[in-house]
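entry21.tsv, holding TSV, C-alpha atoms:
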```tsv
chain	number	residue	atom	x	y	z
A	1	MET	CA	-3.08	44.54	-33.23
A	2	GLY	CA	-3.16	40.76	-33.46
A	3	ASP	CA	-0.63	38.68	-35.39
A	4	LEU	CA	-2.95	37.17	-38.01
A	5	SER	CA	-0.22	35.02	-39.56
A	6	MET	CA	-0.12	33.07	-36.28
A	7	THR	CA	-3.60	33.45	-34.78
A	8	ILE	CA	-5.55	32.30	-37.85
A	9	PRO	CA	-3.67	28.97	-38.13
A	10	ALA	CA	-3.98	28.56	-34.35
A	11	LEU	CA	-7.76	28.98	-34.54
A	12	PHE	CA	-7.99	26.62	-37.51
A	13	VAL	CA	-6.00	23.86	-35.81
A	14	PHE	CA	-7.89	24.35	-32.55
A	15	ALA	CA	-11.18	23.97	-34.44
A	16	ALA	CA	-9.90	20.71	-35.92
A	17	LEU	CA	-9.07	19.55	-32.38
A	18	LEU	CA	-12.60	20.35	-31.22
A	19	LEU	CA	-13.97	18.22	-34.06
A	20	LYS	CA	-11.92	15.24	-32.85
A	21	LEU	CA	-12.66	15.53	-29.12
A	22	PRO	CA	-16.09	13.80	-29.26
A	23	ALA	CA	-14.48	10.77	-30.91
A	24	LEU	CA	-11.74	10.78	-28.25
A	25	ARG	CA	-14.36	10.79	-25.49
A	26	ARG	CA	-16.03	7.78	-27.09
A	27	ASN	CA	-12.74	5.91	-27.66
A	28	PRO	CA	-10.23	7.06	-25.03
A	29	GLN	CA	-8.09	3.95	-25.55
A	30	ASP	CA	-7.56	4.60	-29.27
A	31	VAL	CA	-3.80	5.21	-29.50
A	32	LEU	CA	-3.97	6.76	-32.96
A	33	LEU	CA	-6.81	9.08	-32.00
A	34	ARG	CA	-4.91	10.20	-28.90
A	35	ALA	CA	-1.86	10.91	-31.05
A	36	VAL	CA	-3.92	12.97	-33.52
A	37	CYS	CA	-5.48	15.04	-30.73
A	38	ALA	CA	-2.10	15.56	-29.04
A	39	LEU	CA	-0.62	16.69	-32.35
A	40	LEU	CA	-3.43	19.17	-32.98
A	41	LEU	CA	-3.15	20.54	-29.44
A	42	VAL	CA	0.60	21.08	-29.73
A	43	ALA	CA	0.21	22.62	-33.19
A	44	ALA	CA	-2.35	25.10	-31.85
A	45	LEU	CA	0.03	25.99	-29.01
A	46	VAL	CA	2.89	26.54	-31.47
A	47	PHE	CA	0.98	29.20	-33.35
A	48	LEU	CA	-0.65	30.68	-30.28
A	49	LEU	CA	2.69	31.10	-28.50
A	50	GLY	CA	4.34	32.29	-31.72
A	51	ALA	CA	2.02	35.28	-32.08
A	52	VAL	CA	3.84	38.54	-31.38
A	53	PRO	CA	1.39	39.78	-28.68
A	54	VAL	CA	1.74	36.48	-26.81
A	55	ILE	CA	5.55	36.59	-27.09
A	56	ALA	CA	5.53	40.10	-25.63
A	57	ALA	CA	3.14	39.04	-22.85
A	58	VAL	CA	5.30	36.06	-21.85
A	59	ASN	CA	8.40	38.22	-21.71
A	60	ARG	CA	6.60	40.88	-19.73
A	61	VAL	CA	4.98	38.52	-17.21
A	62	THR	CA	8.16	36.56	-16.55
A	63	GLY	CA	10.39	39.62	-16.52
A	64	VAL	CA	12.99	37.79	-18.65
A	65	PRO	CA	13.69	39.30	-22.07
A	66	ASN	CA	13.13	36.76	-24.85
A	67	LEU	CA	12.08	33.92	-22.52
A	68	ALA	CA	9.29	33.25	-25.01
A	69	ALA	CA	11.92	32.09	-27.53
A	70	PRO	CA	12.94	28.81	-25.82
A	71	LEU	CA	9.27	28.26	-24.92
A	72	VAL	CA	8.17	28.54	-28.57
A	73	TYR	CA	11.13	26.49	-29.78
A	74	SER	CA	10.38	23.79	-27.20
A	75	VAL	CA	6.74	23.52	-28.23
A	76	LEU	CA	7.75	23.51	-31.90
A	77	SER	CA	10.19	20.67	-31.20
A	78	ALA	CA	7.45	18.79	-29.35
A	79	PHE	CA	5.23	19.27	-32.39
A	80	SER	CA	7.97	17.92	-34.67
A	81	GLY	CA	8.36	14.81	-32.53
A	82	ALA	CA	4.59	14.35	-32.28
A	83	CYS	CA	4.29	14.39	-36.09
A	84	VAL	CA	6.86	11.62	-36.43
A	85	VAL	CA	5.17	9.56	-33.71
A	86	LEU	CA	1.75	9.98	-35.28
A	87	VAL	CA	2.90	8.94	-38.74
A	88	LEU	CA	4.69	5.88	-37.33
A	89	ILE	CA	1.59	4.72	-35.43
A	90	TRP	CA	-0.71	5.61	-38.31
A	91	ARG	CA	1.23	3.52	-40.83
A	92	THR	CA	1.63	0.28	-38.91
A	93	GLY	CA	-0.52	0.54	-35.79
A	94	PRO	CA	0.82	0.30	-32.21
A	95	THR	CA	3.07	-2.72	-32.85
A	96	PRO	CA	5.94	-3.39	-30.42
A	97	ARG	CA	8.50	-2.31	-33.02
A	98	THR	CA	6.59	0.89	-33.78
A	99	MET	CA	6.16	1.74	-30.12
A	100	ARG	CA	9.91	1.29	-29.54
A	101	ALA	CA	10.60	3.70	-32.40
A	102	CYS	CA	8.08	6.13	-30.93
A	103	ARG	CA	9.74	5.97	-27.52
A	104	LEU	CA	13.13	6.69	-29.07
A	105	CYS	CA	11.61	9.65	-30.92
A	106	VAL	CA	10.07	11.00	-27.72
A	107	ILE	CA	13.37	10.60	-25.87
A	108	GLY	CA	15.31	12.26	-28.70
A	109	TYR	CA	13.06	15.29	-28.89
A	110	GLY	CA	12.89	15.43	-25.10
A	111	VAL	CA	16.67	15.80	-25.08
A	112	VAL	CA	16.39	18.52	-27.73
A	113	ILE	CA	13.88	20.45	-25.60
A	114	LEU	CA	16.08	20.21	-22.50
A	115	SER	CA	19.08	21.33	-24.54
A	116	LEU	CA	17.22	24.32	-25.95
A	117	ASN	CA	16.40	25.63	-22.51
A	118	ALA	CA	19.91	24.91	-21.19
A	119	LEU	CA	21.48	26.82	-24.09
A	120	PHE	CA	19.18	29.79	-23.49
A	121	ALA	CA	20.14	29.81	-19.81
A	122	LEU	CA	23.82	29.78	-20.75
A	123	GLY	CA	23.48	32.52	-23.35
A	124	ASP	CA	22.93	36.23	-23.03
A	125	ALA	CA	19.98	37.83	-24.86
A	126	PRO	CA	19.20	41.08	-23.00
A	127	VAL	CA	17.52	42.95	-25.88
A	128	GLU	CA	13.93	41.87	-26.49
A	129	ARG	CA	13.31	40.87	-30.12
A	130	LEU	CA	9.71	40.03	-30.93
A	131	ARG	CA	10.07	39.19	-34.63
A	132	ASP	CA	13.72	38.82	-35.57
A	133	LEU	CA	15.40	37.04	-32.65
A	134	ASP	CA	16.79	34.31	-34.94
A	135	THR	CA	18.82	36.74	-37.02
A	136	TYR	CA	19.50	39.35	-34.33
A	137	TYR	CA	21.23	36.77	-32.12
A	138	ALA	CA	22.62	34.64	-34.97
A	139	ASN	CA	26.20	35.29	-33.78
A	140	THR	CA	25.60	35.23	-30.02
A	141	PRO	CA	27.23	32.24	-28.23
A	142	PHE	CA	24.78	29.59	-26.97
A	143	ILE	CA	21.79	31.52	-28.32
A	144	ARG	CA	23.17	30.80	-31.79
A	145	GLU	CA	23.43	27.09	-30.96
A	146	MET	CA	19.89	27.13	-29.55
A	147	ILE	CA	18.53	28.56	-32.79
A	148	VAL	CA	20.42	26.11	-34.98
A	149	LEU	CA	19.35	23.16	-32.81
A	150	TYR	CA	15.64	23.90	-33.02
A	151	LEU	CA	15.87	24.40	-36.79
A	152	LEU	CA	17.79	21.14	-37.23
A	153	ALA	CA	15.26	19.24	-35.10
A	154	HIS	CA	12.44	20.75	-37.13
A	155	THR	CA	14.15	19.94	-40.44
A	156	VAL	CA	14.86	16.32	-39.48
A	157	ALA	CA	11.21	15.76	-38.54
A	158	ALA	CA	10.05	17.41	-41.77
A	159	VAL	CA	12.29	15.19	-43.90
A	160	VAL	CA	11.29	12.00	-42.05
A	161	VAL	CA	7.55	12.71	-42.23
A	162	THR	CA	7.76	13.79	-45.88
A	163	VAL	CA	9.56	10.60	-46.92
A	164	LEU	CA	7.32	8.30	-44.87
A	165	CYS	CA	4.08	9.89	-46.08
A	166	TRP	CA	5.19	10.04	-49.72
A	167	ARG	CA	6.19	6.37	-49.78
A	168	TRP	CA	2.96	5.43	-48.06
A	169	SER	CA	0.85	7.52	-50.46
A	170	LEU	CA	2.17	5.46	-53.39
A	171	ARG	CA	0.62	2.30	-51.89
A	172	VAL	CA	-2.84	3.62	-51.01
A	173	ASP	CA	-5.66	5.49	-52.72
A	174	GLY	CA	-8.80	7.42	-51.98
A	175	VAL	CA	-9.15	9.89	-49.14
A	176	LEU	CA	-6.14	8.45	-47.31
A	177	ARG	CA	-3.88	9.19	-50.24
A	178	ALA	CA	-5.33	12.70	-50.54
A	179	GLY	CA	-4.58	13.32	-46.86
A	180	LEU	CA	-1.03	12.00	-47.19
A	181	VAL	CA	-0.36	14.16	-50.25
A	182	LEU	CA	-1.57	17.23	-48.35
A	183	ILE	CA	0.77	16.34	-45.48
A	184	VAL	CA	3.68	15.96	-47.92
A	185	VAL	CA	2.93	19.34	-49.52
A	186	GLY	CA	2.59	20.90	-46.07
A	187	TYR	CA	5.95	19.55	-45.00
A	188	LEU	CA	7.56	20.74	-48.22
A	189	PHE	CA	6.39	24.20	-47.12
A	190	ASN	CA	7.92	23.42	-43.73
A	191	LEU	CA	11.22	22.69	-45.43
A	192	GLY	CA	10.82	26.01	-47.23
A	193	TYR	CA	10.41	27.65	-43.81
A	194	ASP	CA	13.62	25.99	-42.60
A	195	ALA	CA	15.46	26.99	-45.77
A	196	ALA	CA	14.40	30.63	-45.36
A	197	LYS	CA	15.49	30.65	-41.71
A	198	PHE	CA	18.84	28.96	-42.40
A	199	SER	CA	19.51	31.31	-45.33
A	200	ALA	CA	18.85	34.40	-43.23
A	201	ILE	CA	21.03	33.10	-40.38
A	202	GLY	CA	23.79	32.01	-42.77
A	203	ALA	CA	23.74	35.45	-44.33
A	204	ARG	CA	24.27	36.98	-40.88
A	205	TRP	CA	27.26	34.68	-40.37
A	206	GLY	CA	28.64	35.93	-43.69
A	207	GLY	CA	28.09	39.57	-42.79
A	208	HIS	CA	25.01	40.09	-44.97
A	209	ASP	CA	21.45	41.14	-44.16
A	210	TRP	CA	18.79	38.74	-45.44
A	211	ASP	CA	16.62	39.19	-42.38
A	212	SER	CA	13.47	39.64	-44.46
A	213	LEU	CA	13.61	35.94	-45.33
A	214	SER	CA	13.16	35.14	-41.66
A	215	THR	CA	10.66	37.84	-40.69
A	216	HIS	CA	8.54	38.28	-43.85
A	217	VAL	CA	8.87	34.99	-45.78
A	218	ALA	CA	9.24	32.21	-43.23
A	219	ARG	CA	6.23	33.12	-41.07
A	220	PRO	CA	3.61	33.07	-43.90
A	221	ILE	CA	5.11	29.81	-45.15
A	222	ALA	CA	4.67	28.32	-41.69
A	223	SER	CA	1.03	29.42	-41.63
A	224	VAL	CA	0.25	27.77	-44.98
A	225	SER	CA	2.12	24.66	-43.88
A	226	ALA	CA	0.06	24.33	-40.70
A	227	VAL	CA	-3.23	24.53	-42.55
A	228	LEU	CA	-2.18	21.90	-45.11
A	229	ILE	CA	-0.78	19.54	-42.49
A	230	GLY	CA	-3.84	19.95	-40.26
A	231	ILE	CA	-6.20	19.16	-43.13
A	232	GLY	CA	-3.99	16.26	-44.18
A	233	PHE	CA	-4.12	14.61	-40.76
A	234	VAL	CA	-7.84	15.23	-40.21
A	235	LEU	CA	-9.11	14.45	-43.72
A	236	PRO	CA	-8.62	10.64	-43.70
A	237	HIS	CA	-10.31	10.31	-40.30
A	238	LEU	CA	-13.13	12.62	-41.30
A	239	GLY	CA	-13.46	10.86	-44.65
A	240	GLN	CA	-13.59	7.48	-42.94
A	241	ARG	CA	-16.31	8.75	-40.62
A	242	LEU	CA	-18.30	10.23	-43.49
A	243	GLY	CA	-17.86	7.00	-45.43
A	244	ILE	CA	-19.21	4.97	-42.51
A	245	SER	CA	-22.14	7.35	-42.12
A	246	TRP	CA	-22.89	7.16	-45.85
A	247	ARG	CA	-22.80	3.35	-45.86
A	248	THR	CA	-25.01	3.31	-42.77
A	249	ALA	CA	-27.54	5.62	-44.46
A	250	VAL	CA	-27.55	3.52	-47.62
A	251	ARG	CA	-28.04	0.25	-45.70
A	252	PHE	CA	-30.81	1.80	-43.58
A	253	ARG	CA	-32.63	2.92	-46.73
A	254	GLN	CA	-32.08	-0.40	-48.51
A	255	LEU	CA	-33.62	-2.31	-45.61
A	256	GLY	CA	-36.71	-0.10	-45.76
A	257	PRO	CA	-38.89	-2.36	-47.97
A	258	LEU	CA	-38.21	-5.41	-45.79
A	259	ALA	CA	-38.80	-3.42	-42.60
A	260	HIS	CA	-42.11	-2.07	-43.93
A	261	GLU	CA	-43.18	-5.51	-45.15
A	262	LEU	CA	-42.63	-6.90	-41.67
A	263	GLY	CA	-44.10	-3.88	-39.92
A	264	GLY	CA	-47.35	-5.65	-39.06
A	265	THR	CA	-45.68	-8.78	-37.75
A	266	THR	CA	-46.21	-9.48	-34.07
A	267	GLY	CA	-43.27	-8.23	-32.04
A	268	TYR	CA	-41.68	-6.16	-34.82
A	269	GLY	CA	-42.94	-2.81	-33.68
A	270	SER	CA	-41.84	-3.23	-30.06
A	271	PRO	CA	-38.07	-3.28	-29.84
A	272	GLY	CA	-36.58	-3.89	-26.42
A	273	VAL	CA	-35.01	-0.42	-26.16
A	274	ALA	CA	-36.78	2.78	-27.15
A	275	ILE	CA	-34.65	5.37	-28.91
A	276	GLY	CA	-35.19	9.11	-29.05
A	277	ARG	CA	-36.04	11.23	-32.05
A	278	TRP	CA	-32.44	12.43	-32.32
A	279	ALA	CA	-30.84	8.98	-32.03
A	280	SER	CA	-27.86	8.37	-34.32
A	281	LEU	CA	-28.36	6.68	-37.65
A	282	GLU	CA	-26.09	3.85	-36.52
A	283	LEU	CA	-28.41	3.15	-33.59
A	284	ARG	CA	-31.47	3.32	-35.84
A	285	LEU	CA	-29.88	0.85	-38.25
A	286	THR	CA	-29.06	-1.52	-35.38
A	287	GLN	CA	-32.64	-1.30	-34.16
A	288	ARG	CA	-34.04	-1.90	-37.65
A	289	GLU	CA	-31.86	-4.98	-38.17
A	290	ALA	CA	-32.75	-6.37	-34.73
A	291	ALA	CA	-36.46	-5.79	-35.36
A	292	ILE	CA	-36.25	-7.58	-38.72
A	293	HIS	CA	-34.57	-10.56	-37.06
A	294	ASP	CA	-37.28	-10.65	-34.37
A	295	ALA	CA	-40.04	-10.50	-36.97
A	296	ILE	CA	-38.52	-13.36	-38.95
A	297	ILE	CA	-38.45	-15.48	-35.80
A	298	HIS	CA	-42.15	-14.71	-35.16
A	299	LEU	CA	-42.98	-15.79	-38.72
A	300	ARG	CA	-41.40	-19.23	-38.45
A	301	PRO	CA	-44.74	-21.03	-37.94
A	302	TYR	CA	-45.92	-19.58	-41.27
A	303	PHE	CA	-42.94	-20.47	-43.44
A	304	ASP	CA	-44.00	-22.48	-46.50
A	305	HIS	CA	-41.29	-24.88	-47.63
A	306	ALA	CA	-43.11	-25.75	-50.85
A	307	LEU	CA	-43.45	-22.09	-51.82
A	308	HIS	CA	-39.75	-21.56	-51.07
A	309	ARG	CA	-38.83	-24.55	-53.26
A	310	ASP	CA	-41.08	-23.48	-56.14
A	311	THR	CA	-39.82	-19.88	-56.06
A	312	ASN	CA	-36.22	-21.08	-55.94
A	313	ASP	CA	-36.79	-23.33	-58.96
A	314	SER	CA	-38.51	-20.51	-60.88
A	315	ALA	CA	-35.66	-18.11	-60.13
A	316	ARG	CA	-33.08	-20.66	-61.28
A	317	ALA	CA	-35.09	-21.22	-64.46
A	318	GLN	CA	-34.96	-17.49	-65.13
A	319	GLY	CA	-31.16	-17.58	-64.96
A	320	ASP	CA	-30.49	-16.47	-61.38
A	321	SER	CA	-27.44	-17.87	-59.64
A	322	PRO	CA	-28.04	-20.39	-56.82
A	323	THR	CA	-27.28	-17.72	-54.24
A	324	GLN	CA	-29.55	-15.11	-55.80
A	325	ALA	CA	-32.31	-17.68	-56.32
A	326	ARG	CA	-32.13	-18.60	-52.64
A	327	ILE	CA	-32.41	-14.95	-51.63
A	328	VAL	CA	-35.46	-14.42	-53.88
A	329	ALA	CA	-37.04	-17.58	-52.43
A	330	ASP	CA	-36.31	-16.36	-48.88
A	331	ALA	CA	-37.92	-13.02	-49.66
A	332	ALA	CA	-40.97	-14.69	-51.17
A	333	MET	CA	-41.35	-17.02	-48.18
A	334	ILE	CA	-41.03	-14.16	-45.69
A	335	ALA	CA	-43.51	-11.95	-47.59
A	336	ALA	CA	-46.00	-14.84	-47.93
A	337	ALA	CA	-45.59	-15.70	-44.25
A	338	GLY	CA	-46.43	-12.12	-43.34
A	339	LYS	CA	-49.65	-12.31	-45.38
A	340	ALA	CA	-50.54	-15.66	-43.83
A	341	GLN	CA	-49.87	-14.37	-40.32
A	342	THR	CA	-52.21	-11.44	-40.95
A	343	ALA	CA	-54.96	-13.83	-42.12
A	344	ASP	CA	-54.39	-16.38	-39.35
A	345	PRO	CA	-52.72	-14.71	-36.33
A	346	GLY	CA	-51.58	-16.67	-33.31
A	347	ARG	CA	-50.26	-19.81	-34.99
A	348	THR	CA	-47.52	-21.49	-32.93
A	349	THR	CA	-47.06	-24.84	-34.68
A	350	LEU	CA	-44.40	-24.95	-37.38
A	351	ALA	CA	-45.72	-25.63	-40.86
A	352	GLU	CA	-44.70	-28.93	-42.37
A	353	GLY	CA	-41.11	-28.83	-43.54
A	354	ALA	CA	-40.62	-25.28	-42.22
A	355	GLU	CA	-37.79	-26.24	-39.92
A	356	SER	CA	-35.70	-27.57	-42.81
A	357	VAL	CA	-35.61	-24.21	-44.58
A	358	GLN	CA	-34.83	-20.98	-42.77
A	359	PRO	CA	-34.17	-17.65	-44.47
A	360	SER	CA	-30.70	-16.18	-44.24
A	361	THR	CA	-30.25	-13.44	-41.66
A	362	ARG	CA	-26.84	-12.21	-42.87
A	363	ALA	CA	-26.81	-8.42	-43.13
A	364	ASP	CA	-25.99	-8.37	-46.86
A	365	ASP	CA	-28.59	-11.04	-47.61
A	366	LEU	CA	-31.25	-9.03	-45.79
A	367	VAL	CA	-30.45	-6.10	-48.07
A	368	GLN	CA	-30.81	-8.35	-51.13
A	369	MET	CA	-34.12	-9.70	-49.79
A	370	SER	CA	-35.36	-6.17	-49.27
A	371	ARG	CA	-34.49	-5.35	-52.87
A	372	ALA	CA	-36.22	-8.53	-54.09
A	373	LEU	CA	-39.38	-7.62	-52.14
A	374	ARG	CA	-39.63	-4.43	-54.14
A	375	ARG	CA	-38.54	-5.63	-57.56
A	376	SER	CA	-38.98	-9.39	-58.03
A	377	PRO	CA	-42.14	-10.54	-59.87
A	378	LEU	CA	-41.68	-13.96	-58.24
A	379	VAL	CA	-42.05	-12.44	-54.78
A	380	HIS	CA	-45.14	-10.52	-55.87
A	381	GLU	CA	-46.62	-13.71	-57.34
A	382	ALA	CA	-45.97	-15.63	-54.11
A	383	CYS	CA	-47.77	-12.96	-52.09
A	384	ARG	CA	-50.70	-13.01	-54.52
A	385	ARG	CA	-51.04	-16.81	-54.29
A	386	THR	CA	-50.90	-16.69	-50.51
A	387	ALA	CA	-53.53	-13.96	-50.34
A	388	LEU	CA	-55.82	-15.99	-52.61
A	389	SER	CA	-55.41	-19.23	-50.69
A	390	GLY	CA	-55.73	-17.52	-47.31
A	391	SER	CA	-52.96	-19.69	-45.85
A	392	SER	CA	-49.26	-20.36	-46.29
A	393	SER	CA	-49.50	-24.00	-45.22
A	394	PRO	CA	-48.47	-26.47	-47.92
```

What does the file become when written as structure tokens?
Amino acid sequence: MGDLSMTIPALFVFAALLLKLPALRRNPQDVLLRAVCALLLVAALVFLLGAVPVIAAVNRVTGVPNLAAPLVYSVLSAFSGACVVLVLIWRTGPTPRTMRACRLCVIGYGVVILSLNALFALGDAPVERLRDLDTYYANTPFIREMIVLYLLAHTVAAVVVTVLCWRWSLRVDGVLRAGLVLIVVGYLFNLGYDAAKFSAIGARWGGHDWDSLSTHVARPIASVSAVLIGIGFVLPHLGQRLGISWRTAVRFRQLGPLAHELGGTTGYGSPGVAIGRWASLELRLTQREAAIHDAIIHLRPYFDHALHRDTNDSARAQGDSPTQARIVADAAMIAAAGKAQTADPGRTTLAEGAESVQPSTRADDLVQMSRALRRSPLVHEACRRTALSGSSSP
């Protein structure tokens, strides 16, 4: 029967890794993303190798009783070091000082891993223990030191990450803070795991039997800890991605009125690169913005400087700020130019004074123009006047 306390967290963490792999393929040079994926991979291995059936299989295949112990402890130590490295890079970015600290951390935990395996080789653990090796061999020379070393390395990493993430969480907000708080809570559970293990081992040293703390309390605590830490590390990145997607969707929708207004302009409907039905929203937004820019360029011969000036003056008279009045005037001039182009297609000569006034093409201004096209009475009046006159020339 499977060890659900280990396999469920392993599957959860592995699923989180699969969610991050597409982003890693798109940005293989992203140091932080590589660190997150490495952490998730090592965490999945910790729980996979820590499952009782896997421990038994490793011992059986290798023919060495309890060889799975230094293997699990080594991967757990690698996970501890990876957590510290990730938090360091996450907080400050890959600065020279941070990378030096990360190298020292990698070297330190590399030494721990080598020491764990050396101590196991020096010790004598002939009786296979699938669940209670820590307490069963708590008084065995070298095996005892191996157990204490991996717990100390794990505890140091838990304390460092907890302190760093807690201090950082006090200076940030939003989804990042939520992720950091989850990591802190997860590592507090980790410290509870260490406390349960140390208590059970200490009791053995004192001649008492508190083995249940190690076999029945510590393992469930570790499972809960893994889930919280995994969510904590993934949540800010997922939240950032969802935030970007939401802002992209909002901007795409906001540009809709302007895009539809310019839909009949020569050149607008034929972007240089065709995109498929399932193209990403980011690509669709880029195409919409590029098409709007192209349409505005095609409308330059129809821009009416006098209409722009009159609309700007009217907007100012209604209490609009200079910036907002300019945006309303730009929207009115673009809308009127579209009507004039429909009535008189093919014009190539710039209207008088058109070169001295060009609408803004800043992304935020385009959104404001799109809103003005839908809501501003001044824009609607400019379009009506242009339709009546049949021309946008002053």

Long-range neighbours of Leu76 in chain A as a PyMOL selection string, 9 Å cut-off, only C-alpha atoms, 5 positions minimum in chain: chain A and resi 42-43+45-47+71+81+150+154

Go ahead and save the picked residues with C-alpha atoms, as a PDB file, keeping the file's coordinate frame.
```pdb
ATOM      1  CA  VAL A  42       0.600  21.080 -29.730  1.00  0.00           C
ATOM      2  CA  ALA A  43       0.210  22.620 -33.190  1.00  0.00           C
ATOM      3  CA  LEU A  45       0.030  25.990 -29.010  1.00  0.00           C
ATOM      4  CA  VAL A  46       2.890  26.540 -31.470  1.00  0.00           C
ATOM      5  CA  PHE A  47       0.980  29.200 -33.350  1.00  0.00           C
ATOM      6  CA  LEU A  71       9.270  28.260 -24.920  1.00  0.00           C
ATOM      7  CA  GLY A  81       8.360  14.810 -32.530  1.00  0.00           C
ATOM      8  CA  TYR A 150      15.640  23.900 -33.020  1.00  0.00           C
ATOM      9  CA  HIS A 154      12.440  20.750 -37.130  1.00  0.00           C
TER      10      HIS A 154
END
```

For Ala16 in chain A, the nearest of the candidates A:Pro322, A:Gly108, A:Pro359, A:Gly232, counting all atoms listed in the file: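 Going through A:Pro322, A:Gly108, A:Pro359, A:Gly232 one by one, the smallest distance to Ala16 in chain A is for A:Gly232.
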
Which residue of A:Ala325, A:Leu40, A:Ala35, A:Leu285 approaches Gln368 in chain A most closely, using all atoms listed in the file: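 Selected residue with least distance to Gln368 in chain A: A:Ala325.
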
Selected residue of minimal separation from Phe189 in chain A among A:Leu283, A:Val175, A:Ser223, A:Cys165, counting all atoms listed in the file: A:Ser223

Between CA of Leu188 in chain A and CA of Ala82 in chain A - distance in Å to one decimal: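 It comes out at 17.4 Å.
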
Counting all atoms listed in the file, the option among A:Leu182, A:Ala317, A:Leu164, A:Ala226 closest to Thr92 in chain A: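 Of A:Leu182, A:Ala317, A:Leu164, A:Ala226, the one nearest Thr92 in chain A, counting all atoms listed in the file, is A:Leu164.
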
Residues within 12 Å of Pro236 in chain A, only C-alpha atoms, excluding chain neighbours under 2 positions, as a PDB file with C-alpha atoms, in the frame of the given file:
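Written output follows (out-v9.pdb):
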```pdb
ATOM      1  CA  LEU A  33      -6.810   9.080 -32.000  1.00  0.00           C
ATOM      2  CA  VAL A  36      -3.920  12.970 -33.520  1.00  0.00           C
ATOM      3  CA  TRP A  90      -0.710   5.610 -38.310  1.00  0.00           C
ATOM      4  CA  VAL A 172      -2.840   3.620 -51.010  1.00  0.00           C
ATOM      5  CA  ASP A 173      -5.660   5.490 -52.720  1.00  0.00           C
ATOM      6  CA  GLY A 174      -8.800   7.420 -51.980  1.00  0.00           C
ATOM      7  CA  VAL A 175      -9.150   9.890 -49.140  1.00  0.00           C
ATOM      8  CA  LEU A 176      -6.140   8.450 -47.310  1.00  0.00           C
ATOM      9  CA  ARG A 177      -3.880   9.190 -50.240  1.00  0.00           C
ATOM     10  CA  ALA A 178      -5.330  12.700 -50.540  1.00  0.00           C
ATOM     11  CA  GLY A 179      -4.580  13.320 -46.860  1.00  0.00           C
ATOM     12  CA  LEU A 180      -1.030  12.000 -47.190  1.00  0.00           C
ATOM     13  CA  VAL A 181      -0.360  14.160 -50.250  1.00  0.00           C
ATOM     14  CA  LEU A 182      -1.570  17.230 -48.350  1.00  0.00           C
ATOM     15  CA  ILE A 183       0.770  16.340 -45.480  1.00  0.00           C
ATOM     16  CA  ILE A 229      -0.780  19.540 -42.490  1.00  0.00           C
ATOM     17  CA  GLY A 230      -3.840  19.950 -40.260  1.00  0.00           C
ATOM     18  CA  ILE A 231      -6.200  19.160 -43.130  1.00  0.00           C
ATOM     19  CA  GLY A 232      -3.990  16.260 -44.180  1.00  0.00           C
ATOM     20  CA  PHE A 233      -4.120  14.610 -40.760  1.00  0.00           C
ATOM     21  CA  VAL A 234      -7.840  15.230 -40.210  1.00  0.00           C
ATOM     22  CA  LEU A 238     -13.130  12.620 -41.300  1.00  0.00           C
ATOM     23  CA  GLY A 239     -13.460  10.860 -44.650  1.00  0.00           C
ATOM     24  CA  GLN A 240     -13.590   7.480 -42.940  1.00  0.00           C
ATOM     25  CA  ARG A 241     -16.310   8.750 -40.620  1.00  0.00           C
ATOM     26  CA  LEU A 242     -18.300  10.230 -43.490  1.00  0.00           C
ATOM     27  CA  GLY A 243     -17.860   7.000 -45.430  1.00  0.00           C
TER      28      GLY A 243
END
```

Length of the CA of Ala203 in chain A to CA of Ile147 in chain A vector [Å]: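 Separation between CA of Ala203 in chain A and CA of Ile147 in chain A: 14.4 Å.
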
Shell of 8 Å around Ala382 in chain A, all atoms listed in the file, local chain residues under 2 positions omitted, as a PyMOL selection string: chain A and resi 307+311+332-333+335-336+378-380+384-386

Separation of CA of Ala56 in chain A from CA of Tyr73 in chain A, in Å and rounded to one decimal: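 Value for the CA of Ala56 in chain A-CA of Tyr73 in chain A distance: 15.3 Å.
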
Selected residue of minimal separation from Val367 in chain A among A:Arg251, A:Arg171, A:His298, A:Arg25, counting all atoms listed in the file: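 Ranking A:Arg251, A:Arg171, A:His298, A:Arg25 by distance to Val367 in chain A, first place goes to A:Arg251.
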
For Pro22 in chain A, find every residue with an atom within 12 Å (counting all atoms listed in the file), except residues of its own chain fewer than 5 positions away, and show them as an mmCIF file with C-alpha atoms, in the frame of the given file.
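As written to disk, selection-v8.cif reads:
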```cif
data_model
loop_
_atom_site.group_PDB
_atom_site.id
_atom_site.type_symbol
_atom_site.label_atom_id
_atom_site.label_comp_id
_atom_site.auth_asym_id
_atom_site.auth_seq_id
_atom_site.Cartn_x
_atom_site.Cartn_y
_atom_site.Cartn_z
ATOM 1 C CA ALA A 16 -9.900 20.710 -35.920
ATOM 2 C CA LEU A 17 -9.070 19.550 -32.380
ATOM 3 C CA ASN A 27 -12.740 5.910 -27.660
ATOM 4 C CA PRO A 28 -10.230 7.060 -25.030
ATOM 5 C CA LEU A 33 -6.810 9.080 -32.000
ATOM 6 C CA ARG A 34 -4.910 10.200 -28.900
ATOM 7 C CA CYS A 37 -5.480 15.040 -30.730
#
```

Counting all atoms listed in the file, the option among A:Asp194, A:Asp211, A:Asp132, A:Asp344 closest to Pro301 in chain A: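 Ranked by minimum distance to Pro301 in chain A, first place goes to A:Asp344.
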
Surrounding residues of Ser115 in chain A excluding itself and chain neighbours under 3 positions, 10 Å, all atoms listed in the file, as JSON, numbers by chain: {"A": [70, 74, 109, 110, 111, 112, 118, 119, 120, 121, 145, 146, 149, 150]}

Spatial sel., origin (11.9, 20.7, -43.2), limit 7 Å, all atoms listed in the file, listed as a list in words: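 The distance filter leaves exactly His154, Thr155, Val156, Ala157, Ala158, Val159, Tyr187, Leu188, Asn190, Leu191, Gly192 and Asp194 of chain A.
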